[in-house]
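Novice: What follows is entry-v1.pdb, PDB, C-alpha atoms, pLDDT in the B column.
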```pdb
ATOM      1  CA  MET U  24       0.645   5.284  14.042  1.00 90.00           C
ATOM      2  CA  ILE U  25       0.311   3.104  10.973  1.00 92.00           C
ATOM      3  CA  ILE U  26       3.066   3.395   8.378  1.00 93.00           C
ATOM      4  CA  VAL U  27       2.355   2.386   4.774  1.00 95.00           C
ATOM      5  CA  ASN U  28       5.392   0.721   3.179  1.00 95.00           C
ATOM      6  CA  LEU U  29       3.754   0.362  -0.209  1.00 95.00           C
ATOM      7  CA  ASP U  30       6.628   2.022  -2.060  1.00 94.00           C
ATOM      8  CA  VAL U  31       9.062  -0.542  -0.595  1.00 94.00           C
ATOM      9  CA  MET U  32       6.981  -3.490  -1.819  1.00 96.00           C
ATOM     10  CA  MET U  33       6.482  -1.854  -5.205  1.00 97.00           C
ATOM     11  CA  ALA U  34      10.248  -1.450  -5.569  1.00 97.00           C
ATOM     12  CA  LYS U  35      10.831  -5.081  -4.551  1.00 96.00           C
ATOM     13  CA  ARG U  36       8.279  -6.241  -7.135  1.00 96.00           C
ATOM     14  CA  LYS U  37       9.495  -3.733  -9.748  1.00 97.00           C
ATOM     15  CA  ILE U  38       6.026  -2.378 -10.476  1.00 97.00           C
ATOM     16  CA  SER U  39       5.131   1.232 -11.241  1.00 96.00           C
ATOM     17  CA  SER U  40       2.374   3.206  -9.551  1.00 96.00           C
ATOM     18  CA  GLY U  41       0.398   3.333 -12.780  1.00 96.00           C
ATOM     19  CA  ASP U  42       0.610  -0.426 -13.309  1.00 97.00           C
ATOM     20  CA  LEU U  43      -0.353  -1.199  -9.717  1.00 97.00           C
ATOM     21  CA  ALA U  44      -3.261   1.249  -9.781  1.00 97.00           C
ATOM     22  CA  GLN U  45      -4.544  -0.401 -12.953  1.00 97.00           C
ATOM     23  CA  LYS U  46      -4.213  -3.929 -11.513  1.00 96.00           C
ATOM     24  CA  VAL U  47      -5.953  -2.910  -8.284  1.00 96.00           C
ATOM     25  CA  GLY U  48      -8.647  -0.875 -10.009  1.00 96.00           C
ATOM     26  CA  ILE U  49      -8.041   2.445  -8.264  1.00 96.00           C
ATOM     27  CA  THR U  50      -6.932   5.792  -9.616  1.00 96.00           C
ATOM     28  CA  PRO U  51      -3.234   6.678  -9.591  1.00 96.00           C
ATOM     29  CA  ALA U  52      -4.195   9.669  -7.411  1.00 96.00           C
ATOM     30  CA  ASN U  53      -5.754   7.406  -4.761  1.00 95.00           C
ATOM     31  CA  LEU U  54      -2.724   5.113  -4.847  1.00 96.00           C
ATOM     32  CA  SER U  55      -0.504   8.152  -4.352  1.00 96.00           C
ATOM     33  CA  ILE U  56      -2.539   9.217  -1.313  1.00 96.00           C
ATOM     34  CA  LEU U  57      -2.017   5.777   0.181  1.00 95.00           C
ATOM     35  CA  LYS U  58       1.704   5.693  -0.647  1.00 94.00           C
ATOM     36  CA  ASN U  59       2.334   9.135   0.819  1.00 93.00           C
ATOM     37  CA  GLN U  60       0.780   8.428   4.237  1.00 92.00           C
ATOM     38  CA  LYS U  61      -2.153  10.770   3.518  1.00 94.00           C
ATOM     39  CA  ALA U  62      -4.926   8.145   3.637  1.00 93.00           C
ATOM     40  CA  LYS U  63      -7.141   8.048   6.716  1.00 93.00           C
ATOM     41  CA  ALA U  64      -8.488   4.595   5.871  1.00 93.00           C
ATOM     42  CA  VAL U  65      -8.101   1.744   3.411  1.00 94.00           C
ATOM     43  CA  ARG U  66     -10.795  -0.736   2.435  1.00 95.00           C
ATOM     44  CA  PHE U  67     -10.041  -4.377   3.072  1.00 96.00           C
ATOM     45  CA  SER U  68     -11.022  -5.102  -0.522  1.00 96.00           C
ATOM     46  CA  THR U  69      -8.395  -2.604  -1.746  1.00 96.00           C
ATOM     47  CA  LEU U  70      -5.781  -4.031   0.621  1.00 96.00           C
ATOM     48  CA  ASN U  71      -6.677  -7.512  -0.610  1.00 97.00           C
ATOM     49  CA  ASP U  72      -6.253  -6.463  -4.250  1.00 97.00           C
ATOM     50  CA  ILE U  73      -2.921  -4.757  -3.510  1.00 97.00           C
ATOM     51  CA  CYS U  74      -1.625  -7.868  -1.722  1.00 97.00           C
ATOM     52  CA  LYS U  75      -2.785 -10.035  -4.620  1.00 97.00           C
ATOM     53  CA  ALA U  76      -1.097  -7.787  -7.203  1.00 97.00           C
ATOM     54  CA  LEU U  77       2.159  -7.614  -5.215  1.00 97.00           C
ATOM     55  CA  ASP U  78       2.051 -11.238  -3.991  1.00 97.00           C
ATOM     56  CA  CYS U  79       2.552 -10.163  -0.379  1.00 97.00           C
ATOM     57  CA  GLN U  80       0.909 -10.097   3.042  1.00 97.00           C
ATOM     58  CA  PRO U  81      -0.806  -7.057   4.619  1.00 97.00           C
ATOM     59  CA  GLY U  82       2.034  -6.912   7.150  1.00 96.00           C
ATOM     60  CA  ASP U  83       4.478  -6.374   4.290  1.00 97.00           C
ATOM     61  CA  ILE U  84       2.673  -3.128   3.515  1.00 96.00           C
ATOM     62  CA  LEU U  85       1.349  -1.900   6.870  1.00 96.00           C
ATOM     63  CA  GLU U  86       3.496  -1.327   9.948  1.00 95.00           C
ATOM     64  CA  TYR U  87       2.598  -0.068  13.417  1.00 95.00           C
ATOM     65  CA  ARG U  88       4.893   2.376  15.228  1.00 92.00           C
ATOM     66  CA  GLU U  89       4.233   4.145  18.508  1.00 92.00           C
ATOM     67  CA  ASP U  90       3.549   7.846  18.133  1.00 83.00           C
ATOM     68  CA  GLU U  91       6.605   9.897  18.898  1.00 71.00           C
TER      69      GLU U  91
END
```
Can you give me the file's structure in the form of structure tokens?

Specialist:
Amino acid sequence: MIIVNLDVMMAKRKISSGDLAQKVGITPANLSILKNQKAKAVRFSTLNDICKALDCQPGDILEYREDE
């Protein structure tokens, strides 16, 4: 399964959900869905914008773990 570690990167960069959503151009609700592991997909353009806003790599946000 894919784990989204967005909250970890946001804490490291000291950025709020509202600020990140605004920088990325998505709604706070959609950012919350992504943060809370509820998203079924993420667009590469959104991932690109998140990485740009947080100055990180996709691997800093997304992690693969075997299903338990």

Novice: What is the CA of Glu86 in chain U-CA of Thr50 in chain U distance in Å, reported with one decimal?

Specialist: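 Separation between CA of Glu86 in chain U and CA of Thr50 in chain U: 23.3 Å.
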
Novice: Translate the PyMOL selection byres ((chain U and resi 53) around 12) into a concrete residue list for this structure, as a ChimeraX atom specification.

Specialist: /U:40-41,43-45,47-52,54-66,69

Novice: The PyMOL selection byres ((chain U and resi 90) around 12) - which residues does that actually catch in the file I just gave you? List them as a list in words.

Specialist: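 Answer for the PyMOL selection byres ((chain U and resi 90) around 12): Met24, Ile25, Ile26, Tyr87, Arg88, Glu89 and Glu91 of chain U.
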
Novice: Using only C-alpha atoms, which residue out of U:Asp72, U:Gly82, U:Leu77, U:Asp42 lies closest to Asn28 in chain U?

Specialist: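 Using only C-alpha atoms, the shortest distance to Asn28 in chain U belongs to U:Gly82.
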
Novice: Do you have the CA of Ala34 in chain U-CA of Leu85 in chain U distance handy?

Specialist: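 Result for CA of Ala34 in chain U versus CA of Leu85 in chain U: 15.3 Å, one decimal.
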
Novice: To one decimal place in Å, what is the distance between CA of Pro81 in chain U and CA of Ser39 in chain U?

Specialist: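 Atom-to-atom, CA of Pro81 in chain U and CA of Ser39 in chain U are spaced 18.9 Å apart.
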